[in-house]
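A.B. asks: The following file, query30.cif, comprises mmCIF, C-alpha atoms and all ligand atoms:
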data_protein
#
loop_
_atom_site.label_atom_id
_atom_site.label_comp_id
_atom_site.auth_asym_id
_atom_site.auth_seq_id
_atom_site.Cartn_x
_atom_site.Cartn_y
_atom_site.Cartn_z
CA MET A 282 0.00 0.00 0.00
CA GLU A 283 2.74 2.43 1.00
CA GLY A 284 3.61 4.81 -1.82
CA GLN A 285 0.79 3.46 -4.00
CA SER A 286 -2.15 5.67 -4.85
CA LYS A 287 -5.61 4.43 -3.96
CA ILE A 288 -7.87 2.85 -6.59
CA ARG A 289 -10.36 5.59 -7.53
CA VAL A 290 -13.83 4.07 -7.80
CA ALA A 291 -17.11 5.49 -9.12
CA VAL A 292 -20.47 3.86 -8.43
CA ASN A 293 -23.16 4.38 -11.07
CA GLY A 294 -26.64 3.65 -9.65
CA TYR A 295 -27.13 4.23 -5.91
CA GLY A 296 -29.81 1.64 -5.21
CA VAL A 297 -29.84 -1.61 -3.22
CA ILE A 298 -26.48 -2.81 -4.52
CA GLY A 299 -24.89 0.57 -5.35
CA LYS A 300 -25.22 2.04 -1.87
CA ARG A 301 -23.70 -1.09 -0.34
CA VAL A 302 -20.82 -1.12 -2.84
CA ALA A 303 -20.15 2.58 -2.14
CA GLU A 304 -20.08 1.93 1.61
CA ALA A 305 -17.77 -1.08 1.18
CA VAL A 306 -15.38 0.87 -1.09
CA ALA A 307 -15.22 3.64 1.53
CA ARG A 308 -14.11 1.02 4.09
CA GLN A 309 -11.08 -0.19 2.05
CA ASP A 310 -7.72 1.41 2.80
CA ASP A 311 -6.53 0.91 -0.80
CA MET A 312 -9.60 2.48 -2.45
CA ALA A 313 -11.16 5.93 -2.64
CA LEU A 314 -14.77 6.58 -3.59
CA ALA A 315 -14.75 9.33 -6.25
CA GLY A 316 -18.53 9.66 -6.13
CA VAL A 317 -21.88 8.07 -6.90
CA SER A 318 -24.33 8.79 -9.68
CA ASP A 319 -28.09 8.29 -10.04
CA VAL A 320 -31.23 9.62 -11.72
CA ASP A 321 -33.55 9.86 -8.72
CA THR A 322 -34.56 13.05 -6.95
CA ASP A 323 -36.14 11.73 -3.74
CA TRP A 324 -34.74 10.70 -0.33
CA ARG A 325 -32.49 7.99 -1.74
CA PRO A 326 -29.73 10.11 -3.36
CA ARG A 327 -30.03 12.49 -0.41
CA MET A 328 -28.72 9.66 1.76
CA ALA A 329 -25.54 9.60 -0.36
CA THR A 330 -24.67 13.24 0.34
CA ARG A 331 -25.64 12.79 3.98
CA ARG A 332 -23.07 9.99 4.11
CA GLY A 333 -20.49 12.43 2.67
CA PHE A 334 -20.34 10.93 -0.84
CA ARG A 335 -20.16 13.23 -3.86
CA LEU A 336 -23.37 12.91 -5.91
CA PHE A 337 -23.63 13.10 -9.70
CA GLY A 338 -26.50 12.83 -12.22
CA ALA A 339 -26.72 10.62 -15.31
CA THR A 340 -27.23 13.54 -17.75
CA PRO A 341 -27.35 17.39 -17.59
CA GLU A 342 -31.17 17.03 -17.41
CA HIS A 343 -30.91 14.74 -14.39
CA VAL A 344 -28.46 17.14 -12.74
CA GLU A 345 -30.93 19.98 -13.27
CA ALA A 346 -33.84 17.98 -11.82
CA MET A 347 -31.73 16.89 -8.85
CA ASN A 348 -30.64 20.48 -8.20
CA LYS A 349 -34.27 21.60 -8.37
CA ALA A 350 -35.13 18.94 -5.77
CA GLY A 351 -32.58 20.56 -3.47
CA LEU A 352 -29.88 17.92 -3.83
CA ASP A 353 -26.22 18.89 -3.69
CA VAL A 354 -25.05 17.61 -7.11
CA SER A 355 -21.42 17.85 -8.27
CA GLY A 356 -21.99 17.29 -12.02
CA THR A 357 -22.73 14.61 -14.60
CA VAL A 358 -21.58 11.00 -14.48
CA GLU A 359 -19.20 11.76 -17.34
CA GLU A 360 -17.52 14.39 -15.16
CA LEU A 361 -17.36 11.87 -12.32
CA LEU A 362 -15.67 9.31 -14.54
CA VAL A 363 -12.81 11.62 -15.55
CA GLY A 364 -9.98 10.70 -13.24
CA THR A 365 -11.63 7.47 -12.09
CA ASP A 366 -9.88 4.10 -12.42
CA VAL A 367 -12.92 1.80 -12.34
CA VAL A 368 -16.68 2.31 -12.40
CA VAL A 369 -19.04 -0.17 -10.76
CA ASP A 370 -22.34 -0.05 -12.62
CA CYS A 371 -25.21 -0.86 -10.24
CA THR A 372 -28.07 0.42 -12.37
CA PRO A 373 -31.12 -1.82 -12.93
CA LYS A 374 -31.02 -4.80 -15.29
CA ARG A 375 -30.09 -3.99 -18.91
CA ILE A 376 -29.32 -0.29 -18.30
CA ALA A 377 -25.68 -1.10 -17.56
CA ALA A 378 -25.33 -2.78 -20.97
CA LYS A 379 -26.05 0.64 -22.51
CA ASN A 380 -23.78 2.57 -20.11
CA VAL A 381 -20.91 0.34 -21.19
CA GLU A 382 -20.61 2.37 -24.43
CA LEU A 383 -19.71 5.44 -22.34
CA TYR A 384 -17.16 3.54 -20.25
CA ARG A 385 -15.51 2.15 -23.38
CA ARG A 386 -15.43 5.59 -25.02
CA LEU A 387 -13.72 7.07 -21.96
CA GLY A 388 -11.37 4.07 -21.67
CA ILE A 389 -12.40 3.30 -18.09
CA LYS A 390 -12.45 -0.18 -16.61
CA PHE A 391 -15.89 -1.30 -15.50
CA ILE A 392 -17.79 -3.87 -13.46
CA VAL A 393 -21.42 -4.75 -14.15
CA GLN A 394 -23.73 -6.71 -11.85
CA GLY A 395 -25.65 -9.96 -12.26
CA GLY A 396 -28.66 -8.45 -14.03
CA GLU A 397 -26.49 -8.17 -17.14
CA LYS A 398 -25.58 -11.01 -19.47
CA HIS A 399 -22.14 -12.65 -19.47
CA GLU A 400 -21.59 -11.34 -23.02
CA VAL A 401 -21.58 -7.70 -21.83
CA THR A 402 -18.05 -8.21 -20.46
CA GLY A 403 -17.11 -11.73 -21.62
CA HIS A 404 -16.02 -12.57 -18.06
CA SER A 405 -18.00 -13.61 -14.99
CA PHE A 406 -16.60 -13.16 -11.52
CA VAL A 407 -16.71 -15.02 -8.22
CA ALA A 408 -13.54 -14.35 -6.21
CA GLU A 409 -12.81 -17.93 -5.11
CA SER A 410 -13.23 -19.27 -8.64
CA SER A 411 -12.35 -16.75 -11.36
CA TYR A 412 -10.19 -14.04 -9.75
CA ALA A 413 -7.02 -14.98 -11.64
CA SER A 414 -8.62 -14.70 -15.09
CA ALA A 415 -9.98 -11.23 -14.20
CA VAL A 416 -6.58 -9.76 -13.32
CA GLY A 417 -5.78 -6.82 -15.62
CA ARG A 418 -8.97 -7.16 -17.70
CA ASP A 419 -10.93 -4.08 -18.78
CA SER A 420 -14.21 -5.41 -17.38
CA THR A 421 -16.01 -8.18 -15.59
CA ARG A 422 -19.51 -9.09 -14.41
CA VAL A 423 -20.07 -9.93 -10.75
CA VAL A 424 -22.68 -12.68 -11.07
CA SER A 425 -26.06 -12.61 -9.31
CA CYS A 426 -26.58 -13.36 -5.63
CA ASN A 427 -27.81 -16.91 -6.20
CA THR A 428 -25.08 -17.71 -8.72
CA THR A 429 -22.42 -16.34 -6.35
CA SER A 430 -23.61 -18.70 -3.60
CA ILE A 431 -23.69 -21.66 -5.97
CA VAL A 432 -20.16 -21.07 -7.26
CA ARG A 433 -18.78 -20.46 -3.73
CA THR A 434 -20.19 -23.69 -2.32
CA LEU A 435 -19.53 -25.92 -5.32
CA THR A 436 -15.98 -24.55 -5.73
CA ALA A 437 -15.26 -25.54 -2.11
CA LEU A 438 -16.45 -29.10 -2.82
CA LYS A 439 -14.63 -29.19 -6.16
CA GLN A 440 -11.33 -28.05 -4.67
CA ALA A 441 -11.60 -30.84 -2.08
CA GLY A 442 -12.03 -33.34 -4.94
CA LEU A 443 -15.54 -34.22 -3.75
CA LEU A 444 -17.84 -32.76 -6.40
CA LYS A 445 -19.36 -34.92 -9.13
CA LYS A 446 -22.66 -33.18 -9.86
CA ALA A 447 -25.05 -30.87 -8.05
CA ARG A 448 -28.81 -30.31 -8.24
CA GLY A 449 -30.41 -27.43 -6.37
CA THR A 450 -33.84 -25.98 -5.62
CA LEU A 451 -33.93 -22.26 -4.93
CA LEU A 452 -36.63 -20.52 -2.90
CA ARG A 453 -36.34 -16.95 -4.10
CA ARG A 454 -37.45 -13.89 -2.13
CA ALA A 455 -40.27 -12.03 -3.88
CA ALA A 456 -38.95 -8.44 -3.72
CA ASP A 457 -36.35 -6.32 -1.95
CA PRO A 458 -37.63 -5.02 1.43
CA TRP A 459 -37.44 -1.31 0.62
CA GLU A 460 -39.67 -1.72 -2.46
CA SER A 461 -42.19 -4.21 -1.07
CA HIS A 462 -44.94 -1.61 -1.50
CA GLN A 463 -44.48 -1.77 -5.28
CA GLY A 464 -44.89 -5.49 -5.80
CA GLY A 465 -44.17 -8.98 -4.55
CA ILE A 466 -46.43 -11.96 -4.23
CA MET A 467 -48.77 -12.94 -1.37
CA ASN A 468 -50.46 -16.20 -0.45
CA THR A 469 -48.92 -18.17 -3.28
CA LEU A 470 -45.73 -19.82 -4.54
CA VAL A 471 -44.70 -19.15 -8.13
CA PRO A 472 -42.58 -21.83 -9.82
CA GLU A 473 -40.15 -20.61 -12.45
CA GLU A 474 -41.49 -21.65 -15.84
CA GLU A 475 -38.43 -23.51 -17.07
CA ILE A 476 -36.11 -26.18 -15.77
CA PRO A 477 -33.24 -25.53 -15.47
CA SER A 478 -33.71 -22.07 -13.98
CA HIS A 479 -31.06 -19.64 -15.24
CA GLN A 480 -28.77 -19.81 -12.16
CA GLY A 481 -27.30 -23.25 -13.00
CA PRO A 482 -26.22 -22.28 -16.53
CA ASP A 483 -25.05 -18.93 -15.13
CA ALA A 484 -22.73 -20.70 -12.66
CA LYS A 485 -21.12 -22.36 -15.68
CA SER A 486 -20.29 -18.91 -17.09
CA VAL A 487 -17.87 -18.66 -14.13
CA ASP A 488 -16.73 -22.30 -14.15
CA PRO A 489 -17.71 -24.31 -17.26
CA ASP A 490 -16.65 -27.56 -15.54
CA LEU A 491 -19.50 -27.48 -13.03
CA ASP A 492 -22.20 -30.09 -13.59
CA VAL A 493 -25.09 -28.19 -12.03
CA VAL A 494 -28.86 -27.97 -12.55
CA THR A 495 -31.16 -25.57 -10.70
CA MET A 496 -34.92 -25.21 -10.24
CA ALA A 497 -36.49 -22.15 -8.65
CA VAL A 498 -39.68 -20.96 -7.01
CA LYS A 499 -40.63 -17.47 -5.89
CA VAL A 500 -41.85 -17.28 -2.27
CA PRO A 501 -43.85 -14.58 -0.43
CA GLU A 502 -41.15 -13.02 1.76
CA THR A 503 -38.45 -10.38 1.30
CA LEU A 504 -35.62 -11.34 3.68
CA ALA A 505 -33.35 -13.65 1.70
CA HIS A 506 -33.18 -16.67 -0.59
CA LEU A 507 -33.06 -20.26 0.72
CA HIS A 508 -31.36 -23.06 -1.25
CA TYR A 509 -31.69 -26.85 -0.95
CA TRP A 510 -28.97 -28.93 -2.59
CA SER A 511 -28.46 -32.56 -3.45
CA VAL A 512 -24.91 -33.37 -4.55
CA GLN A 513 -23.36 -36.53 -5.92
CA LEU A 514 -19.88 -36.91 -4.49
CA THR A 515 -16.95 -38.47 -6.34
CA ARG A 516 -16.55 -40.95 -3.48
CA SER A 517 -17.97 -41.90 -0.10
CA ALA A 518 -17.13 -39.23 2.42
CA THR A 519 -17.77 -38.44 6.06
CA LYS A 520 -19.78 -35.46 7.22
CA GLU A 521 -16.60 -34.02 8.78
CA GLU A 522 -14.77 -34.20 5.42
CA VAL A 523 -17.58 -32.26 3.75
CA LEU A 524 -17.66 -29.65 6.53
CA GLU A 525 -13.89 -29.31 6.22
CA ALA A 526 -14.30 -28.64 2.47
CA PHE A 527 -16.85 -25.89 3.15
CA ARG A 528 -14.64 -24.48 5.92
CA SER A 529 -11.93 -23.89 3.31
CA SER A 530 -14.02 -20.95 2.06
CA SER A 531 -13.87 -17.91 4.30
CA ARG A 532 -17.20 -16.80 2.83
CA ILE A 533 -19.23 -19.84 3.84
CA ALA A 534 -20.34 -19.57 7.46
CA PHE A 535 -21.92 -22.34 9.50
CA ILE A 536 -25.14 -21.74 11.36
CA ARG A 537 -26.90 -24.31 13.53
CA MET A 538 -30.50 -25.18 14.24
CA SER A 539 -29.29 -26.17 17.72
CA ASP A 540 -28.03 -22.60 18.21
CA GLY A 541 -31.51 -21.19 17.62
CA HIS A 542 -31.18 -20.46 13.91
CA LYS A 543 -34.45 -22.14 13.00
CA ALA A 544 -35.20 -19.79 10.10
CA ILE A 545 -33.72 -17.02 7.97
CA ASN A 546 -35.08 -14.17 10.10
CA THR A 547 -32.97 -15.16 13.12
CA VAL A 548 -29.81 -14.94 11.03
CA LYS A 549 -30.72 -11.45 9.82
CA GLU A 550 -31.39 -10.44 13.41
CA MET A 551 -27.94 -11.69 14.39
CA MET A 552 -26.37 -9.58 11.62
CA ALA A 553 -28.14 -6.56 13.10
CA ASP A 554 -26.78 -7.48 16.54
CA PHE A 555 -23.27 -7.74 15.05
CA GLY A 556 -23.76 -4.14 13.90
CA ARG A 557 -23.15 -5.00 10.25
CA SER A 558 -23.85 -2.21 7.78
CA HIS A 559 -27.51 -2.62 6.62
CA ASP A 560 -27.66 -5.84 8.72
CA ASP A 561 -25.85 -7.48 5.79
CA LEU A 562 -24.93 -11.16 5.69
CA TYR A 563 -22.06 -11.38 3.18
CA GLU A 564 -21.46 -15.09 3.77
CA VAL A 565 -23.40 -18.11 2.54
CA ALA A 566 -25.02 -19.19 5.83
CA LEU A 567 -25.10 -23.00 5.72
CA TRP A 568 -26.80 -25.19 8.35
CA SER A 569 -24.00 -27.49 9.50
CA ASP A 570 -26.16 -29.63 11.78
CA MET A 571 -28.80 -30.18 9.10
CA LEU A 572 -26.21 -31.25 6.51
CA LYS A 573 -26.42 -34.99 5.74
CA VAL A 574 -24.07 -37.36 3.95
CA GLN A 575 -25.37 -40.73 2.78
CA ASP A 576 -22.56 -42.74 1.23
CA LYS A 577 -21.81 -40.79 -1.99
CA GLU A 578 -24.75 -38.40 -1.63
CA LEU A 579 -24.69 -35.04 0.13
CA PHE A 580 -27.69 -32.90 1.17
CA TYR A 581 -27.62 -29.40 2.63
CA ALA A 582 -29.44 -26.08 2.81
CA TYR A 583 -28.25 -22.50 3.12
CA MET A 584 -29.39 -18.90 3.19
CA VAL A 585 -28.33 -16.19 0.72
CA ASP A 586 -28.73 -12.52 1.67
CA ASN A 587 -29.39 -11.35 -1.89
CA GLN A 588 -28.67 -7.70 -1.09
CA ALA A 589 -25.28 -8.41 0.47
CA ILE A 590 -23.49 -11.47 -0.91
CA VAL A 591 -22.15 -9.77 -4.05
CA ILE A 592 -20.59 -6.84 -2.14
CA PRO A 593 -17.29 -8.52 -1.11
CA GLU A 594 -17.03 -10.04 -4.60
CA THR A 595 -17.34 -6.56 -6.15
CA ILE A 596 -14.53 -5.26 -3.93
CA ASP A 597 -12.29 -8.15 -5.00
CA ALA A 598 -13.20 -7.57 -8.65
CA LEU A 599 -11.96 -3.96 -8.30
CA ARG A 600 -8.55 -5.19 -7.13
CA ALA A 601 -8.41 -7.85 -9.87
CA LEU A 602 -9.23 -5.50 -12.76
CA THR A 603 -6.72 -2.88 -11.66
CA GLY A 604 -4.11 -5.59 -11.06
CA ARG A 605 -3.52 -4.00 -7.66
CA GLU A 606 -3.58 -7.46 -6.12
CA VAL A 607 -2.89 -10.49 -8.33
CA ASN A 608 -3.46 -13.05 -5.59
CA ALA A 609 -7.10 -13.98 -5.01
CA GLN A 610 -6.66 -15.07 -1.39
CA ALA A 611 -4.74 -11.90 -0.49
CA SER A 612 -7.58 -9.74 -1.83
CA ILE A 613 -10.26 -11.90 -0.19
CA LYS A 614 -8.45 -11.61 3.15
CA LYS A 615 -8.21 -7.84 2.85
CA THR A 616 -11.87 -7.44 1.87
CA ASN A 617 -12.98 -9.81 4.62
CA ALA A 618 -11.08 -7.82 7.24
CA ALA A 619 -12.59 -4.50 6.10
CA LEU A 620 -16.13 -5.92 6.10
CA GLU A 621 -15.64 -8.00 9.26
CA ILE A 622 -16.35 -11.26 7.43
CA GLY A 623 -15.33 -14.30 9.42
CA GLU A 624 -16.82 -13.50 12.82
CA LEU A 625 -19.86 -15.78 12.50
N1 LIG B 1 -31.27 -6.44 -5.41
C1 LIG B 1 -30.63 -7.59 -5.37
O1 LIG B 1 -30.94 -8.44 -4.54
C2 LIG B 1 -29.51 -7.87 -6.30
C3 LIG B 1 -28.62 -8.90 -5.94
C4 LIG B 1 -27.54 -9.17 -6.76
C5 LIG B 1 -27.36 -8.46 -7.94
N2 LIG B 1 -28.26 -7.48 -8.28
C6 LIG B 1 -28.04 -6.75 -9.53
O2 LIG B 1 -27.49 -5.47 -9.23
C7 LIG B 1 -27.92 -4.53 -10.21
C8 LIG B 1 -28.63 -3.39 -9.50
O3 LIG B 1 -29.79 -3.90 -8.84
P1 LIG B 1 -30.44 -3.17 -7.60
O4 LIG B 1 -31.30 -4.17 -6.93
O5 LIG B 1 -29.41 -2.46 -6.81
O6 LIG B 1 -31.36 -2.09 -8.34
P2 LIG B 1 -32.09 -0.83 -7.68
O7 LIG B 1 -33.28 -0.57 -8.51
O8 LIG B 1 -32.24 -0.99 -6.22
O9 LIG B 1 -31.03 0.35 -7.90
C9 LIG B 1 -30.72 0.87 -9.15
C10 LIG B 1 -30.39 2.34 -9.01
O10 LIG B 1 -29.95 2.83 -10.27
C11 LIG B 1 -30.58 4.07 -10.53
N3 LIG B 1 -30.63 4.31 -11.98
C12 LIG B 1 -31.54 3.95 -12.89
N4 LIG B 1 -31.17 4.33 -14.13
C13 LIG B 1 -29.96 4.94 -14.00
C14 LIG B 1 -29.05 5.53 -14.91
N5 LIG B 1 -29.28 5.58 -16.22
N6 LIG B 1 -27.90 6.08 -14.42
C15 LIG B 1 -27.63 6.06 -13.08
N7 LIG B 1 -28.46 5.51 -12.18
C16 LIG B 1 -29.60 4.93 -12.63
C17 LIG B 1 -31.96 3.96 -9.86
O11 LIG B 1 -32.50 5.24 -9.58
C18 LIG B 1 -31.58 3.19 -8.59
O12 LIG B 1 -31.21 4.06 -7.52
C19 LIG B 1 -28.78 -5.32 -11.21
O13 LIG B 1 -27.94 -5.81 -12.23
C20 LIG B 1 -29.27 -6.48 -10.36
O14 LIG B 1 -29.65 -7.59 -11.13
C21 LIG B 1 -29.32 -7.16 -7.46
#
Translate the structure described by the file into structure tokens.
Ligand SMILES: NC(=O)c1ccc[n+]([C@@H]2O[C@H](COP(=O)([O-])OP(=O)(O)OC[C@H]3O[C@@H](n4cnc5c(N)ncnc54)[C@H](O)[C@@H]3O)[C@@H](O)[C@H]2O)c1
C.D. replies:
Amino acid sequence: MEGQSKIRVAVNGYGVIGKRVAEAVARQDDMALAGVSDVDTDWRPRMATRRGFRLFGATPEHVEAMNKAGLDVSGTVEELLVGTDVVVDCTPKRIAAKNVELYRRLGIKFIVQGGEKHEVTGHSFVAESSYASAVGRDSTRVVSCNTTSIVRTLTALKQAGLLKKARGTLLRRAADPWESHQGGIMNTLVPEEEIPSHQGPDAKSVDPDLDVVTMAVKVPETLAHLHYWSVQLTRSATKEEVLEAFRSSSRIAFIRMSDGHKAINTVKEMMADFGRSHDDLYEVALWSDMLKVQDKELFYAYMVDNQAIVIPETIDALRALTGREVNAQASIKKTNAALEIGEL
């Protein structure tokens, strides 16, 4: 770090993911947040300036509207990007794919989120699996929350030589909490129309060697996703061997029914008690006492905090693209320390 300038980061889109990325960047000692950009004029961008972040608008028209709404705006996103090393695009699905033209024109490295297709960057990122191939690239895509959890867990089993094939059922939260008034289902369960659901194929965009199939159903709650997995192992294994494989990932945390974690709400409550920013659970929270091994078959369930799990990955992706850290584990360790991952 000494003598090296900080990585200058811009965040485009200050919503559910953008505000968490901005906060996480501000916590890294090798990064500086140049500013955040948005199009909204209500309380949400006001929270950015309250936090001390410089606020920008997508276009001169947005800047004007934001000024009129009484927001303290520093300029357009294009002005923000001048002098920035990397931009993290956290705008809604498919908008980032259009913003990419601007980033390319300005010659700025960029990260898009999981709402975009793999083809937008040609590289999909999960730190424990594809960090090395992201080093020095112009861009990458941090995959979706569900895909991140799938790649983390299956990579741990793969690296232990235990993974043959994996089949998972995903119970997906209906909406993000802050926008529950705008939609979300009640009194029903909505199966995804196709099998496989897109998360299995998406995991292969990070690691083509994974033999993985997913099915998904939308459920009427907003806290987090819940996954159930059935895995064929390469050989008979003990429960302790499987737990040891999962322990090799610093971003898989064990929770226990016997410790009172009978449901996903208790885990969120514990994150609040830890004092985590936004009560975020960055880890895959896997029930170690529920996990079952039957000869060559493995069964387990875990919780994915969809709003939080991609945040540490995004921080690692920033170090990989800039080449500031070429070693995946070194970056993961640094990010984990700054976000207090590992205390569960
Ligand atoms: N919400 C999740 O659980 C979740 C989890 C993982 C990945 N993702 C992905 O992260 C990305 C962002 O999702 P989100 O949930 O944070 O969305 P969001 O709707 O909460 O936030 C998007 C923000 O971008 C702003 N915006 C819209 N158009 C803009 C533009 N042209 N320029 C600048 N800002 C603009 C909106 O005003 C909003 O503040 C998507 O790709 C999504 O698929 C979301």
A.B. asks: May I ask you to write as number ranges by chain all residues lying at most 9 Å from ligand LIG 1 (chain B), with only C-alpha atoms and all ligand atoms counted?
C.D. replies: A: 292-301, 317-322, 325-326, 337-340, 358, 370-377, 379-380, 393-397, 423-427, 429, 454, 456-457, 459-460, 505, 586-592
A.B. asks: Could you tell me which of A:Ala413, A:Asp419, A:Glu342, A:Glu400 comes closest to Tyr384 (chain A) if we count all atoms listed in the file?
C.D. replies: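 Going through A:Ala413, A:Asp419, A:Glu342, A:Glu400 one by one, the smallest distance to Tyr384 (chain A) is for A:Asp419.
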A.B. asks: Interatomic distance between CA of Asp492 (chain A) and CA of Leu443 (chain A)?
C.D. replies: 12.6 Å
A.B. asks: With all atoms listed in the file as the atoms that count, which of A:Leu451, A:Ala350, A:Ile613, A:Val607 lies nearest to Met584 (chain A)?
C.D. replies: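 Between A:Leu451, A:Ala350, A:Ile613, A:Val607, the residue approaching Met584 (chain A) most closely is A:Leu451.
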A.B. asks: CA of Gly356 (chain A) and CA of Arg600 (chain A) are how many Å apart?
C.D. replies: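 Computing it gives 26.6 Å between the two atoms.
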A.B. asks: Can you list, as a ChimeraX atom specification, every protein, DNA or RNA residue that comes within 12 Å of Leu579 (chain A) when you count all atoms listed in the file, leaving out same-chain residues fewer than 2 positions away?
C.D. replies: /A:435,438,443-449,509-524,571-577,581-582
A.B. asks: Let me make sure I understand: among A:Thr503, A:Val548, A:Ile533, A:Ala598, which one has the smallest atom-to-atom distance to Ser414 (chain A) if we use all atoms listed in the file?
C.D. replies: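 Among the listed residues, the smallest separation from Ser414 (chain A) belongs to A:Ala598.
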A.B. asks: Give me, please, the distance in Å between CA of Leu352 (chain A) and CA of Ser558 (chain A), quoted to one decimal.
C.D. replies: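 About the pair CA of Leu352 (chain A) and CA of Ser558 (chain A): they are 24.0 Å apart.
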A.B. asks: Output as lines of an AutoDock Vina configuration file the centre and edge lengths (Å, one decimal) of the box along x, y and z of the file that holds every listed atom of region 385-391 of chain A after adding 8 Å on each side.
C.D. replies:
center_x = -13.6
center_y = 2.9
center_z = -20.3
size_x = 20.5
size_y = 24.4
size_z = 25.5
A.B. asks: As a JSON list (two decimals), in the frame of the given file, please: region 342-347 of chain A completed to all heavy atoms.
C.D. replies:
[["chain", "number", "residue", "atom", "x", "y", "z"],
["A", 342, "GLU", "N", -29.76, 16.91, -17.79],
["A", 342, "GLU", "CA", -31.17, 17.03, -17.41],
["A", 342, "GLU", "C", -31.40, 16.46, -16.00],
["A", 342, "GLU", "O", -32.14, 17.03, -15.20],
["A", 342, "GLU", "CB", -32.09, 16.30, -18.42],
["A", 342, "GLU", "CG", -32.13, 16.91, -19.81],
["A", 342, "GLU", "CD", -30.86, 16.70, -20.61],
["A", 342, "GLU", "OE1", -30.26, 15.60, -20.51],
["A", 342, "GLU", "OE2", -30.43, 17.64, -21.33],
["A", 343, "HIS", "N", -30.77, 15.33, -15.74],
["A", 343, "HIS", "CA", -30.91, 14.74, -14.39],
["A", 343, "HIS", "C", -30.27, 15.65, -13.35],
["A", 343, "HIS", "O", -30.82, 15.83, -12.25],
["A", 343, "HIS", "CB", -30.27, 13.35, -14.34],
["A", 343, "HIS", "CG", -31.06, 12.31, -15.06],
["A", 343, "HIS", "ND1", -30.61, 11.70, -16.22],
["A", 343, "HIS", "CD2", -32.28, 11.78, -14.81],
["A", 343, "HIS", "CE1", -31.52, 10.84, -16.64],
["A", 343, "HIS", "NE2", -32.54, 10.87, -15.80],
["A", 344, "VAL", "N", -29.13, 16.23, -13.69],
["A", 344, "VAL", "CA", -28.46, 17.14, -12.74],
["A", 344, "VAL", "C", -29.38, 18.31, -12.42],
["A", 344, "VAL", "O", -29.55, 18.68, -11.24],
["A", 344, "VAL", "CB", -27.12, 17.65, -13.33],
["A", 344, "VAL", "CG1", -26.51, 18.75, -12.45],
["A", 344, "VAL", "CG2", -26.13, 16.50, -13.50],
["A", 345, "GLU", "N", -30.03, 18.84, -13.46],
["A", 345, "GLU", "CA", -30.93, 19.98, -13.27],
["A", 345, "GLU", "C", -32.10, 19.59, -12.34],
["A", 345, "GLU", "O", -32.43, 20.31, -11.39],
["A", 345, "GLU", "CB", -31.47, 20.44, -14.63],
["A", 345, "GLU", "CG", -32.04, 21.84, -14.60],
["A", 345, "GLU", "CD", -32.69, 22.21, -15.93],
["A", 345, "GLU", "OE1", -32.22, 21.74, -17.01],
["A", 345, "GLU", "OE2", -33.70, 22.95, -15.88],
["A", 346, "ALA", "N", -32.70, 18.43, -12.64],
["A", 346, "ALA", "CA", -33.84, 17.98, -11.82],
["A", 346, "ALA", "C", -33.40, 17.73, -10.38],
["A", 346, "ALA", "O", -34.13, 18.06, -9.43],
["A", 346, "ALA", "CB", -34.42, 16.70, -12.43],
["A", 347, "MET", "N", -32.22, 17.18, -10.22],
["A", 347, "MET", "CA", -31.73, 16.89, -8.85],
["A", 347, "MET", "C", -31.46, 18.20, -8.11],
["A", 347, "MET", "O", -31.78, 18.33, -6.93],
["A", 347, "MET", "CB", -30.46, 16.02, -8.93],
["A", 347, "MET", "CG", -30.74, 14.59, -9.38],
["A", 347, "MET", "SD", -29.26, 13.75, -9.97],
["A", 347, "MET", "CE", -28.96, 12.60, -8.67]]
